[in-house]
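One file, work-v6.txt, carrying compact mmCIF, C-alpha atoms (C1' of nucleotides):
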```txt
# COMPACT_ATOMS: atom_id res chain seq x y z
CA MET A 1033 -22.13 -6.46 16.28
CA THR A 1034 -23.75 -6.40 19.69
CA VAL A 1035 -22.14 -3.24 20.97
CA SER A 1036 -24.48 -1.07 18.93
CA LYS A 1037 -26.75 -0.82 21.97
CA THR A 1038 -24.11 0.87 24.11
CA PRO A 1039 -23.93 4.20 22.32
CA ALA A 1040 -23.18 7.22 24.44
CA LEU A 1041 -20.92 5.80 27.10
CA ASP A 1042 -18.80 3.58 24.91
CA LEU A 1043 -18.58 6.36 22.38
CA THR A 1044 -17.07 8.87 24.76
CA LYS A 1045 -14.72 6.25 26.13
CA THR A 1046 -13.55 5.39 22.66
CA VAL A 1047 -13.17 9.01 21.71
CA ARG A 1048 -11.20 9.82 24.82
CA ALA A 1049 -9.05 6.75 24.39
CA ALA A 1050 -8.31 7.57 20.80
CA ALA A 1051 -7.65 11.22 21.55
CA ARG A 1052 -5.69 10.68 24.73
CA ASP A 1053 -2.70 12.18 22.96
CA ASP A 1054 -3.84 15.72 23.64
CA THR A 1055 -3.35 15.57 27.40
CA GLY A 1056 -0.29 17.31 28.71
CA GLU A 1057 2.71 18.16 26.60
CA GLY A 1058 6.04 16.44 26.48
CA ASP A 1059 8.51 14.77 24.22
CA VAL A 1060 5.84 12.86 22.33
CA LEU A 1061 4.21 14.54 19.37
CA LYS A 1062 0.45 14.93 19.34
CA LEU A 1063 -1.40 13.15 16.61
CA GLY A 1064 -4.45 15.35 17.04
CA GLU A 1065 -7.09 14.92 14.36
CA LEU A 1066 -4.89 12.31 12.74
CA SER A 1067 -6.26 9.62 15.04
CA GLU A 1068 -9.76 10.35 13.74
CA LEU A 1069 -8.67 9.93 10.14
CA LEU A 1070 -9.87 6.56 8.92
CA GLY A 1071 -7.27 6.23 6.18
CA TYR A 1072 -4.43 6.87 8.59
CA SER A 1073 -5.39 4.15 11.08
CA LEU A 1074 -6.33 1.90 8.21
CA LYS A 1075 -2.95 2.12 6.59
CA ARG A 1076 -0.93 1.78 9.77
CA ALA A 1077 -3.00 -1.24 10.81
CA GLN A 1078 -2.60 -2.78 7.37
CA LEU A 1079 1.17 -2.41 7.49
CA LYS A 1080 1.31 -4.06 10.90
CA VAL A 1081 -0.91 -6.94 9.83
CA PHE A 1082 1.05 -7.55 6.63
CA ASP A 1083 4.25 -7.46 8.59
CA ASP A 1084 2.96 -10.05 11.02
CA PHE A 1085 1.65 -12.20 8.18
CA ILE A 1086 5.03 -12.22 6.44
CA HIS A 1087 6.72 -13.10 9.71
CA CYS A 1088 4.29 -15.91 10.54
CA VAL A 1089 4.53 -17.50 7.12
CA ALA A 1090 8.24 -16.78 6.67
CA PRO A 1091 9.30 -20.48 6.62
CA LEU A 1092 7.23 -20.87 3.44
CA GLN A 1093 8.39 -17.64 1.81
CA LEU A 1094 4.93 -16.47 0.79
CA THR A 1095 3.82 -12.87 0.55
CA PRO A 1096 0.22 -11.92 1.33
CA ALA A 1097 -0.42 -11.44 -2.38
CA GLN A 1098 1.02 -14.84 -3.26
CA PHE A 1099 -1.01 -16.48 -0.52
CA SER A 1100 -4.18 -14.87 -1.85
CA VAL A 1101 -3.43 -16.17 -5.35
CA LEU A 1102 -2.90 -19.71 -4.09
CA LEU A 1103 -6.09 -19.55 -2.03
CA LEU A 1104 -8.06 -18.36 -5.06
CA LEU A 1105 -6.56 -21.05 -7.31
CA GLU A 1106 -7.45 -23.74 -4.82
CA ARG A 1107 -11.02 -22.53 -4.59
CA ASN A 1108 -11.38 -21.83 -8.32
CA PRO A 1109 -9.29 -24.28 -10.32
CA GLY A 1110 -9.26 -24.03 -14.10
CA ARG A 1111 -9.69 -20.27 -14.37
CA ASN A 1112 -7.51 -18.11 -16.56
CA GLN A 1113 -5.12 -15.33 -15.64
CA THR A 1114 -7.54 -12.49 -16.38
CA GLU A 1115 -10.17 -13.90 -14.06
CA ILE A 1116 -7.83 -14.58 -11.16
CA ALA A 1117 -6.02 -11.28 -11.49
CA SER A 1118 -9.11 -9.09 -11.78
CA THR A 1119 -10.75 -10.81 -8.82
CA LEU A 1120 -7.77 -9.87 -6.71
CA GLY A 1121 -7.53 -6.36 -8.10
CA ILE A 1122 -4.26 -7.14 -9.85
CA LEU A 1123 -3.63 -5.76 -13.32
CA ARG A 1124 -2.94 -8.41 -15.94
CA PRO A 1125 0.53 -7.18 -16.88
CA ASN A 1126 1.60 -7.30 -13.25
CA PHE A 1127 0.08 -10.71 -12.74
CA VAL A 1128 2.38 -12.24 -15.35
CA SER A 1129 5.57 -11.91 -13.34
CA MET A 1130 3.71 -12.93 -10.25
CA LEU A 1131 2.66 -16.17 -11.87
CA ASP A 1132 6.18 -16.64 -13.21
CA GLY A 1133 7.39 -16.66 -9.63
CA LEU A 1134 4.83 -19.16 -8.44
CA GLU A 1135 5.25 -21.39 -11.47
CA SER A 1136 9.05 -21.38 -11.22
CA ARG A 1137 8.63 -22.69 -7.69
CA GLU A 1138 6.27 -25.34 -9.08
CA LEU A 1139 3.37 -24.19 -6.94
CA CYS A 1140 1.04 -23.80 -9.92
CA VAL A 1141 0.95 -24.42 -13.67
CA ARG A 1142 -0.35 -22.65 -16.77
CA MET A 1143 -1.92 -24.89 -19.40
CA ARG A 1144 -3.23 -23.72 -22.74
CA SER A 1145 -6.98 -23.99 -22.75
CA THR A 1146 -8.48 -26.36 -25.31
CA ASN A 1147 -11.62 -24.23 -25.67
CA ASP A 1148 -9.86 -20.91 -26.08
CA ARG A 1149 -6.26 -21.24 -27.05
CA ARG A 1150 -5.54 -17.65 -26.09
CA SER A 1151 -6.02 -18.26 -22.41
CA HIS A 1152 -4.10 -20.19 -19.84
CA VAL A 1153 -5.91 -22.48 -17.47
CA LEU A 1154 -4.41 -22.16 -14.00
CA MET A 1155 -4.13 -24.95 -11.46
CA LEU A 1156 -2.27 -25.68 -8.27
CA THR A 1157 0.32 -28.44 -8.37
CA ASP A 1158 0.54 -31.06 -5.65
CA LYS A 1159 3.36 -29.06 -4.18
CA GLY A 1160 1.17 -25.96 -4.38
CA HIS A 1161 -1.61 -27.69 -2.47
CA ALA A 1162 0.86 -28.88 0.12
CA ILE A 1163 2.49 -25.49 0.62
CA LEU A 1164 -0.89 -23.81 0.79
CA ALA A 1165 -2.07 -26.27 3.43
CA ARG A 1166 0.98 -25.56 5.53
CA ALA A 1167 0.54 -21.83 5.01
CA LYS A 1168 -3.10 -21.99 6.10
CA LYS A 1169 -2.08 -23.76 9.26
CA LEU A 1170 0.57 -21.17 10.04
CA VAL A 1171 -1.84 -18.32 9.37
CA ALA A 1172 -4.54 -19.88 11.50
CA THR A 1173 -2.38 -20.80 14.47
CA LYS A 1174 -0.03 -17.83 14.54
CA HIS A 1175 -1.59 -14.95 12.64
CA GLU A 1176 -5.34 -15.07 13.13
CA THR A 1177 -4.98 -16.40 16.64
CA ARG A 1178 -3.12 -13.29 17.54
CA LEU A 1179 -5.93 -11.13 16.27
CA ASN A 1180 -8.42 -13.11 18.33
CA GLU A 1181 -6.35 -12.58 21.45
CA LEU A 1182 -6.24 -8.86 20.75
CA LEU A 1183 -9.89 -8.23 19.88
CA GLY A 1184 -11.85 -11.31 20.82
CA PRO A 1185 -13.87 -13.39 18.33
CA GLU A 1186 -16.96 -11.20 18.09
CA LYS A 1187 -15.12 -7.93 17.66
CA ARG A 1188 -12.87 -9.62 15.16
CA GLU A 1189 -15.90 -10.67 13.15
CA ALA A 1190 -17.36 -7.20 13.42
CA LEU A 1191 -14.12 -5.71 12.17
CA LEU A 1192 -13.95 -8.06 9.20
CA GLY A 1193 -17.55 -7.26 8.35
CA MET A 1194 -16.99 -3.52 8.42
CA LEU A 1195 -13.82 -3.76 6.36
CA ALA A 1196 -15.54 -5.91 3.76
CA LYS A 1197 -18.41 -3.44 3.62
CA ILE A 1198 -16.03 -0.55 3.11
CA ALA A 1199 -14.11 -2.43 0.43
CA ARG A 1200 -17.40 -3.23 -1.29
CA GLU A 1201 -19.49 -0.10 -0.95
CA PHE A 1202 -17.27 2.84 -0.21
CA MET B 105 -16.04 -2.47 -9.02
CA THR B 106 -14.56 -5.41 -10.89
CA VAL B 107 -17.87 -6.84 -12.06
CA SER B 108 -18.63 -4.15 -14.62
CA LYS B 109 -17.33 -5.94 -17.71
CA THR B 110 -20.26 -8.30 -18.15
CA PRO B 111 -21.69 -8.01 -21.67
CA ALA B 112 -25.44 -8.20 -22.10
CA LEU B 113 -25.06 -11.67 -23.53
CA ASP B 114 -24.18 -13.47 -20.29
CA LEU B 115 -27.39 -12.39 -18.65
CA THR B 116 -28.58 -15.96 -18.50
CA LYS B 117 -25.33 -17.08 -16.99
CA THR B 118 -25.52 -14.38 -14.35
CA VAL B 119 -29.07 -15.26 -13.49
CA ARG B 120 -28.23 -18.92 -13.18
CA ALA B 121 -25.21 -18.17 -11.07
CA ALA B 122 -27.32 -16.09 -8.74
CA ALA B 123 -29.97 -18.79 -8.54
CA ARG B 124 -27.56 -21.51 -7.38
CA ASP B 125 -25.06 -19.61 -5.33
CA ASP B 126 -23.76 -22.59 -3.37
CA THR B 127 -23.45 -25.36 -5.93
CA GLY B 128 -20.85 -26.09 -8.57
CA GLU B 129 -18.86 -23.33 -10.16
CA GLY B 130 -20.50 -20.27 -11.65
CA ASP B 131 -19.49 -17.06 -13.34
CA VAL B 132 -18.27 -15.31 -10.24
CA LEU B 133 -15.13 -16.54 -8.56
CA LYS B 134 -15.42 -17.57 -4.94
CA LEU B 135 -13.23 -15.77 -2.47
CA GLY B 136 -13.49 -18.58 0.04
CA GLU B 137 -11.21 -18.21 3.03
CA LEU B 138 -9.94 -14.98 1.55
CA SER B 139 -12.84 -13.07 3.07
CA GLU B 140 -11.75 -14.25 6.51
CA LEU B 141 -8.22 -12.99 5.97
CA LEU B 142 -7.80 -9.77 7.90
CA GLY B 143 -4.96 -8.46 5.76
CA TYR B 144 -6.93 -8.92 2.57
CA SER B 145 -9.98 -6.95 3.68
CA LEU B 146 -7.73 -4.45 5.37
CA LYS B 147 -5.79 -3.69 2.23
CA ARG B 148 -8.78 -3.52 -0.08
CA ALA B 149 -10.58 -1.23 2.35
CA GLN B 150 -7.51 0.96 2.66
CA LEU B 151 -7.21 1.34 -1.10
CA LYS B 152 -10.85 2.33 -1.37
CA VAL B 153 -10.58 4.85 1.45
CA PHE B 154 -7.40 6.41 0.06
CA ASP B 155 -9.01 6.60 -3.35
CA ASP B 156 -12.01 8.41 -1.92
CA PHE B 157 -9.77 10.73 0.08
CA ILE B 158 -7.78 11.72 -2.99
CA HIS B 159 -10.99 12.32 -4.90
CA CYS B 160 -12.58 14.40 -2.14
CA VAL B 161 -9.55 16.60 -1.65
CA ALA B 162 -8.61 16.72 -5.36
CA PRO B 163 -9.18 20.51 -5.72
CA LEU B 164 -6.36 21.05 -3.23
CA GLN B 165 -4.03 18.42 -4.71
CA LEU B 166 -3.13 16.82 -1.42
CA THR B 167 -2.27 13.17 -0.93
CA PRO B 168 -3.19 11.41 2.31
CA ALA B 169 0.48 11.46 3.32
CA GLN B 170 0.80 15.18 2.63
CA PHE B 171 -2.37 15.88 4.55
CA SER B 172 -1.04 13.96 7.52
CA VAL B 173 2.18 15.96 7.46
CA LEU B 174 0.30 19.27 7.40
CA LEU B 175 -1.94 18.11 10.25
CA LEU B 176 1.07 17.12 12.33
CA LEU B 177 2.88 20.39 11.62
CA GLU B 178 -0.16 22.38 12.65
CA ARG B 179 -0.47 20.46 15.90
CA ASN B 180 3.29 20.38 16.59
CA PRO B 181 4.95 23.51 15.25
CA GLY B 182 8.69 23.93 15.67
CA ARG B 183 9.64 20.27 15.44
CA ASN B 184 12.40 19.00 13.20
CA GLN B 185 12.25 16.62 10.26
CA THR B 186 13.31 13.55 12.21
CA GLU B 187 10.54 13.99 14.75
CA ILE B 188 7.78 14.59 12.22
CA ALA B 189 8.90 11.82 9.90
CA SER B 190 9.33 9.17 12.59
CA THR B 191 5.96 9.98 14.12
CA LEU B 192 4.32 9.28 10.77
CA GLY B 193 6.40 6.19 10.12
CA ILE B 194 8.25 7.88 7.27
CA LEU B 195 11.97 7.27 6.88
CA ARG B 196 14.04 10.41 7.01
CA PRO B 197 15.53 10.06 3.53
CA ASN B 198 12.07 9.76 2.02
CA PHE B 199 10.77 12.68 4.02
CA VAL B 200 13.23 15.04 2.34
CA SER B 201 11.60 15.01 -1.09
CA MET B 202 8.22 15.09 0.55
CA LEU B 203 9.11 18.30 2.36
CA ASP B 204 10.62 19.68 -0.85
CA GLY B 205 7.25 19.32 -2.48
CA LEU B 206 5.34 21.01 0.32
CA GLU B 207 7.91 23.78 0.67
CA SER B 208 8.02 24.48 -3.07
CA ARG B 209 4.26 25.03 -2.88
CA GLU B 210 4.90 27.36 0.07
CA LEU B 211 2.79 25.30 2.45
CA CYS B 212 5.57 25.01 5.01
CA VAL B 213 9.10 26.23 5.68
CA ARG B 214 12.36 24.82 7.01
CA MET B 215 14.35 27.12 9.27
CA ARG B 216 17.73 26.32 10.75
CA SER B 217 17.37 25.85 14.47
CA THR B 218 19.32 28.27 16.67
CA ASN B 219 19.79 25.66 19.39
CA ASP B 220 20.96 22.87 17.13
CA ARG B 221 22.20 24.04 13.79
CA ARG B 222 22.01 20.56 12.37
CA SER B 223 18.24 20.43 12.50
CA HIS B 224 15.51 22.23 10.63
CA VAL B 225 12.58 23.68 12.51
CA LEU B 226 9.38 23.08 10.56
CA MET B 227 6.38 25.38 10.46
CA LEU B 228 3.29 25.87 8.38
CA THR B 229 3.08 29.06 6.35
CA ASP B 230 -0.08 31.15 6.26
CA LYS B 231 -0.86 29.52 2.97
CA GLY B 232 -0.25 26.14 4.58
CA HIS B 233 -2.71 26.92 7.36
CA ALA B 234 -5.27 28.08 4.82
CA ILE B 235 -4.95 25.05 2.57
CA LEU B 236 -5.08 22.73 5.56
CA ALA B 237 -8.24 24.40 6.82
CA ARG B 238 -9.90 23.95 3.44
CA ALA B 239 -8.68 20.35 3.28
CA LYS B 240 -10.09 19.61 6.72
CA LYS B 241 -13.45 20.95 5.64
CA LEU B 242 -13.46 18.83 2.50
CA VAL B 243 -12.45 15.73 4.43
CA ALA B 244 -15.09 16.32 7.08
CA THR B 245 -17.98 17.11 4.76
CA LYS B 246 -17.25 14.70 1.93
CA HIS B 247 -14.96 11.96 3.17
CA GLU B 248 -15.79 11.23 6.79
CA THR B 249 -19.45 11.96 6.23
CA ARG B 250 -19.54 9.14 3.74
CA LEU B 251 -18.14 6.73 6.28
CA ASN B 252 -20.75 7.80 8.80
CA GLU B 253 -23.50 7.14 6.31
CA LEU B 254 -22.08 3.70 5.62
CA LEU B 255 -21.44 2.53 9.18
CA GLY B 256 -23.12 4.95 11.53
CA PRO B 257 -21.29 7.00 14.17
CA GLU B 258 -20.87 4.35 16.86
CA LYS B 259 -19.67 1.60 14.54
CA ARG B 260 -17.36 4.12 12.92
CA GLU B 261 -15.85 4.90 16.31
CA ALA B 262 -15.58 1.23 17.12
CA LEU B 263 -13.79 0.63 13.85
CA LEU B 264 -11.33 3.45 14.45
CA GLY B 265 -10.66 2.14 17.94
CA MET B 266 -9.94 -1.37 16.72
CA LEU B 267 -7.70 -0.18 13.92
CA ALA B 268 -5.75 2.02 16.30
CA LYS B 269 -5.37 -0.89 18.69
CA ILE B 270 -4.09 -3.13 15.91
CA ALA B 271 -1.68 -0.44 14.70
CA ARG B 272 -0.46 -0.03 18.27
CA GLU B 273 -0.34 -3.53 19.72
CA PHE B 274 -0.29 -6.05 16.93
C1' DC C 979 40.83 20.29 26.12
C1' DG C 980 40.64 16.98 22.20
C1' DA C 981 39.55 12.59 19.94
C1' DT C 982 35.78 9.87 19.00
C1' DA C 983 30.96 8.80 18.65
C1' DA C 984 26.29 10.14 17.59
C1' DT C 985 22.77 12.96 15.28
C1' DT C 986 20.63 15.68 11.36
C1' DG C 987 19.59 16.47 6.82
C1' DT C 988 20.77 14.91 2.42
C1' DT C 989 22.02 12.18 -1.83
C1' DA C 990 22.26 8.07 -4.31
C1' DT C 991 20.45 3.83 -5.20
C1' DG C 992 17.76 -0.45 -5.35
C1' DC C 993 13.53 -3.03 -4.89
C1' DG C 994 8.69 -3.91 -5.18
C1' DA C 995 4.01 -2.50 -6.25
C1' DT C 996 1.37 -0.12 -9.49
C1' DA C 997 -0.10 1.98 -14.00
C1' DT C 998 -0.30 2.55 -19.15
C1' DA C 999 0.73 1.60 -23.99
C1' DT C 1000 1.56 -1.79 -27.20
C1' DC C 1001 2.01 -6.27 -29.42
C1' DA C 1002 1.03 -11.10 -31.52
C1' DA C 1003 -1.98 -14.79 -31.37
C1' DA C 1004 -6.53 -16.33 -31.07
C1' DT C 1005 -11.29 -15.56 -31.13
C1' DG C 1006 -15.64 -13.04 -31.91
C1' DT C 1007 -18.55 -10.41 -34.99
C1' DA C 1008 -20.33 -7.53 -38.74
C1' DT D 786 -13.72 -11.99 -45.56
C1' DA D 787 -12.65 -7.77 -42.91
C1' DC D 788 -12.72 -5.65 -38.59
C1' DA D 789 -12.88 -5.58 -33.63
C1' DT D 790 -12.13 -7.81 -29.17
C1' DT D 791 -9.81 -10.72 -25.93
C1' DT D 792 -5.70 -12.95 -23.78
C1' DG D 793 -1.18 -13.19 -22.27
C1' DA D 794 2.98 -10.84 -22.59
C1' DT D 795 6.66 -7.10 -22.89
C1' DA D 796 8.39 -2.67 -22.09
C1' DT D 797 8.31 1.23 -19.46
C1' DA D 798 7.30 4.95 -16.06
C1' DT D 799 6.05 6.20 -11.49
C1' DC D 800 5.65 5.80 -6.61
C1' DG D 801 6.46 4.04 -1.96
C1' DC D 802 9.77 2.14 0.79
C1' DA D 803 14.40 0.64 2.34
C1' DT D 804 19.62 0.87 3.03
C1' DA D 805 24.26 2.87 2.65
C1' DA D 806 27.00 6.70 2.73
C1' DC D 807 28.30 11.57 3.39
C1' DA D 808 29.14 16.54 5.38
C1' DA D 809 28.02 19.43 9.01
C1' DT D 810 27.07 19.81 13.67
C1' DT D 811 26.70 18.34 18.35
C1' DA D 812 27.48 15.11 22.26
C1' DT D 813 30.41 12.15 24.99
C1' DC D 814 34.28 10.83 27.41
C1' DG D 815 39.17 9.94 28.26
```
Here is a file; write its structure as structure tokens.
Amino acid sequence: MTVSKTPALDLTKTVRAAARDDTGEGDVLKLGELSELLGYSLKRAQLKVFDDFIHCVAPLQLTPAQFSVLLLLERNPGRNQTEIASTLGILRPNFVSMLDGLESRELCVRMRSTNDRRSHVLMLTDKGHAILARAKKLVATKHETRLNELLGPEKREALLGMLAKIAREF
Amino acid sequence: MTVSKTPALDLTKTVRAAARDDTGEGDVLKLGELSELLGYSLKRAQLKVFDDFIHCVAPLQLTPAQFSVLLLLERNPGRNQTEIASTLGILRPNFVSMLDGLESRELCVRMRSTNDRRSHVLMLTDKGHAILARAKKLVATKHETRLNELLGPEKREALLGMLAKIAREF
DNA sequence: CGATAATTGTTATGCGATATATCAAATGTA
DNA sequence: TACATTTGATATATCGCATAACAATTATCG
């Protein structure tokens, strides 16, 4: 991002802001070095974001994991369960019940592959496409918009880039 | 991470897929709008970071949650279970077994408060202080160092600041 | 003061996500 | 053909997280 040219000053500000819990004592507990722990902030932020996602998309009753499956099926129709699951970091045994849920709601279908009759070809149904379209709209207008208001577009992009890099290379 | 199962046979496929990365469908599934989803990157990054943390601090057998408890006890000695648990976002019932584990390893102690005999005053033991000191060193030299090498100090601080803001205000 | 409400730690319990072992059917390979 | 691998599935165990309920203690208020 563009802030990489404002090192010293922004750095101290950020440090002080993050560590402002060690000024004065009172009723509130001091986080101390906890606020410098990446995993701690990462997990608390993730919980908040998931919570907001679930709330925003509540009328459609889709969890973040289910939404990610639908998105991946839309973008990659005709793949089998192993491919979809492994791409999302889901173990195959756990993906079975997940698909059961989506299929029972008629959002997607399993069809035996003609090439390889072991595997199931996965596809969204019309209803699945429709629900996904509505979900995307809700996520865009309610969920992601909120992040933009909090961080601004460029910092939001910088954040996404850093998170992707960590997920990829850490 | 998930791409390691490719047998030597699909080399041609992989090469072709890499040569035409924006046309048709190839070997690798496309994430599509998934990479723009904050929650998705957030969760995958968090899993990676926790995994690395556990690996780095493996000789001391401390989970991220346990480490955070020890850190908070060091910084805030004499608090009760409700205060520590709620600060970390842990529900009191679940904090009981967590404390049992730490206390059975003699890393901390519960003492009945003289003011309020309902509550337990929590404190680190000498062993708890020692283990925490060693854990801090491992985290600093192995874990956080790795993040600095990946992002650089200023981007790392920017990331922490944004995550804290999300955890706080989202 | 005394009756009632609230707090603290605890137990029990359920749910969901995650992990491994195992299986039958289908396919690949020596 | 015989053996190994892959795919989807089942069973199962563990862990994190959530709620209800309880005894002991303390706070509140009539």
Atomic distance CA of Ala268 (chain B) - CA of Gly1184 (chain A), expressed in Å with one decimal: 15.3 Å
Interface list for chain B, partner chain C, 12 Å threshold, all atoms listed in the file, as a ChimeraX atom specification: /B:184-187,195-201,203-204,214,216-217,220-225
Residues within 12 Å of Ser172 (chain B), only C-alpha atoms (C1' of nucleotides), excluding chain neighbours under 4 positions, as a PDB file with C-alpha atoms, keeping the file's coordinate frame:
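File produced: out30.pdb:
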```
ATOM      1  CA  LYS A1062       0.450  14.930  19.340  1.00  0.00           C
ATOM      2  CA  LEU A1063      -1.400  13.150  16.610  1.00  0.00           C
ATOM      3  CA  GLY A1064      -4.450  15.350  17.040  1.00  0.00           C
ATOM      4  CA  GLU A1065      -7.090  14.920  14.360  1.00  0.00           C
ATOM      5  CA  LEU A1066      -4.890  12.310  12.740  1.00  0.00           C
ATOM      6  CA  SER A1067      -6.260   9.620  15.040  1.00  0.00           C
ATOM      7  CA  GLU A1068      -9.760  10.350  13.740  1.00  0.00           C
ATOM      8  CA  LEU A1069      -8.670   9.930  10.140  1.00  0.00           C
ATOM      9  CA  LEU A1070      -9.870   6.560   8.920  1.00  0.00           C
ATOM     10  CA  GLY A1071      -7.270   6.230   6.180  1.00  0.00           C
ATOM     11  CA  TYR A1072      -4.430   6.870   8.590  1.00  0.00           C
ATOM     12  CA  SER A1073      -5.390   4.150  11.080  1.00  0.00           C
TER      13      SER A1073
ATOM     14  CA  PHE B 157      -9.770  10.730   0.080  1.00  0.00           C
ATOM     15  CA  LEU B 166      -3.130  16.820  -1.420  1.00  0.00           C
ATOM     16  CA  THR B 167      -2.270  13.170  -0.930  1.00  0.00           C
ATOM     17  CA  PRO B 168      -3.190  11.410   2.310  1.00  0.00           C
ATOM     18  CA  LEU B 176       1.070  17.120  12.330  1.00  0.00           C
ATOM     19  CA  LEU B 177       2.880  20.390  11.620  1.00  0.00           C
ATOM     20  CA  GLU B 178      -0.160  22.380  12.650  1.00  0.00           C
ATOM     21  CA  ARG B 179      -0.470  20.460  15.900  1.00  0.00           C
ATOM     22  CA  ASN B 180       3.290  20.380  16.590  1.00  0.00           C
ATOM     23  CA  ILE B 188       7.780  14.590  12.220  1.00  0.00           C
ATOM     24  CA  ALA B 189       8.900  11.820   9.900  1.00  0.00           C
ATOM     25  CA  THR B 191       5.960   9.980  14.120  1.00  0.00           C
ATOM     26  CA  LEU B 192       4.320   9.280  10.770  1.00  0.00           C
ATOM     27  CA  GLY B 193       6.400   6.190  10.120  1.00  0.00           C
ATOM     28  CA  ILE B 194       8.250   7.880   7.270  1.00  0.00           C
ATOM     29  CA  MET B 202       8.220  15.090   0.550  1.00  0.00           C
ATOM     30  CA  LEU B 206       5.340  21.010   0.320  1.00  0.00           C
ATOM     31  CA  LEU B 236      -5.080  22.730   5.560  1.00  0.00           C
ATOM     32  CA  ALA B 239      -8.680  20.350   3.280  1.00  0.00           C
ATOM     33  CA  LYS B 240     -10.090  19.610   6.720  1.00  0.00           C
ATOM     34  CA  VAL B 243     -12.450  15.730   4.430  1.00  0.00           C
TER      35      VAL B 243
END
```
Using 6 Å as the limit and counting all atoms listed in the file, can you tabulate each residue of chain B that touches chain A, with its shortest atom-to-atom distance in Å and the two atoms involved, as a tab-separated table?
```
residue	atom	partner	partner_atom	distance
B:Gly143	CA	A:Val1081	CA	5.9
B:Ser145	CA	A:Ala1196	CA	5.7
B:Leu146	CA	A:Gln1078	CA	5.8
B:Arg148	CA	A:Ala1199	CA	5.5
B:Ala149	CA	A:Ala1199	CA	4.2
B:Gln150	CA	A:Leu1074	CA	5.8
B:Val153	CA	A:Gly1071	CA	5.9
B:Leu267	CA	A:Ser1073	CA	5.7
B:Ala268	CA	A:Ser1073	CA	5.6
B:Ile270	CA	A:Ala1077	CA	5.5
B:Ala271	CA	A:Ala1077	CA	4.2
```
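For the pair CA of Lys1159 (chain A) and C1' of DG793 (chain D), the interatomic distance is 24.5 Å.
The interface of chain D with chain B at 10 Å, considering all atoms listed in the file, consists of DG801, DC802, DA803, DA809, DT810 and DT811 of chain D.
The interatomic distance for the pair CA of Gln170 (chain B) and CA of Glu207 (chain B) works out to 11.3 Å.
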Edge lengths and centre in Å to one decimal, as JSON, of the axis-aligned box that encloses all listed atoms of region 251-270 of chain B with 3 Å added on every side?
```
{"center_x": -13.8, "center_y": 2.3, "center_z": 12.2, "size_x": 25.4, "size_y": 16.9, "size_z": 19.1}
```
Contact residues around region 1155-1157 of chain A with only C-alpha atoms (C1' of nucleotides) at 6 Å, ignoring same-chain residues under 6 positions, as a PyMOL selection string: chain A and resi 1109-1110+1139-1141
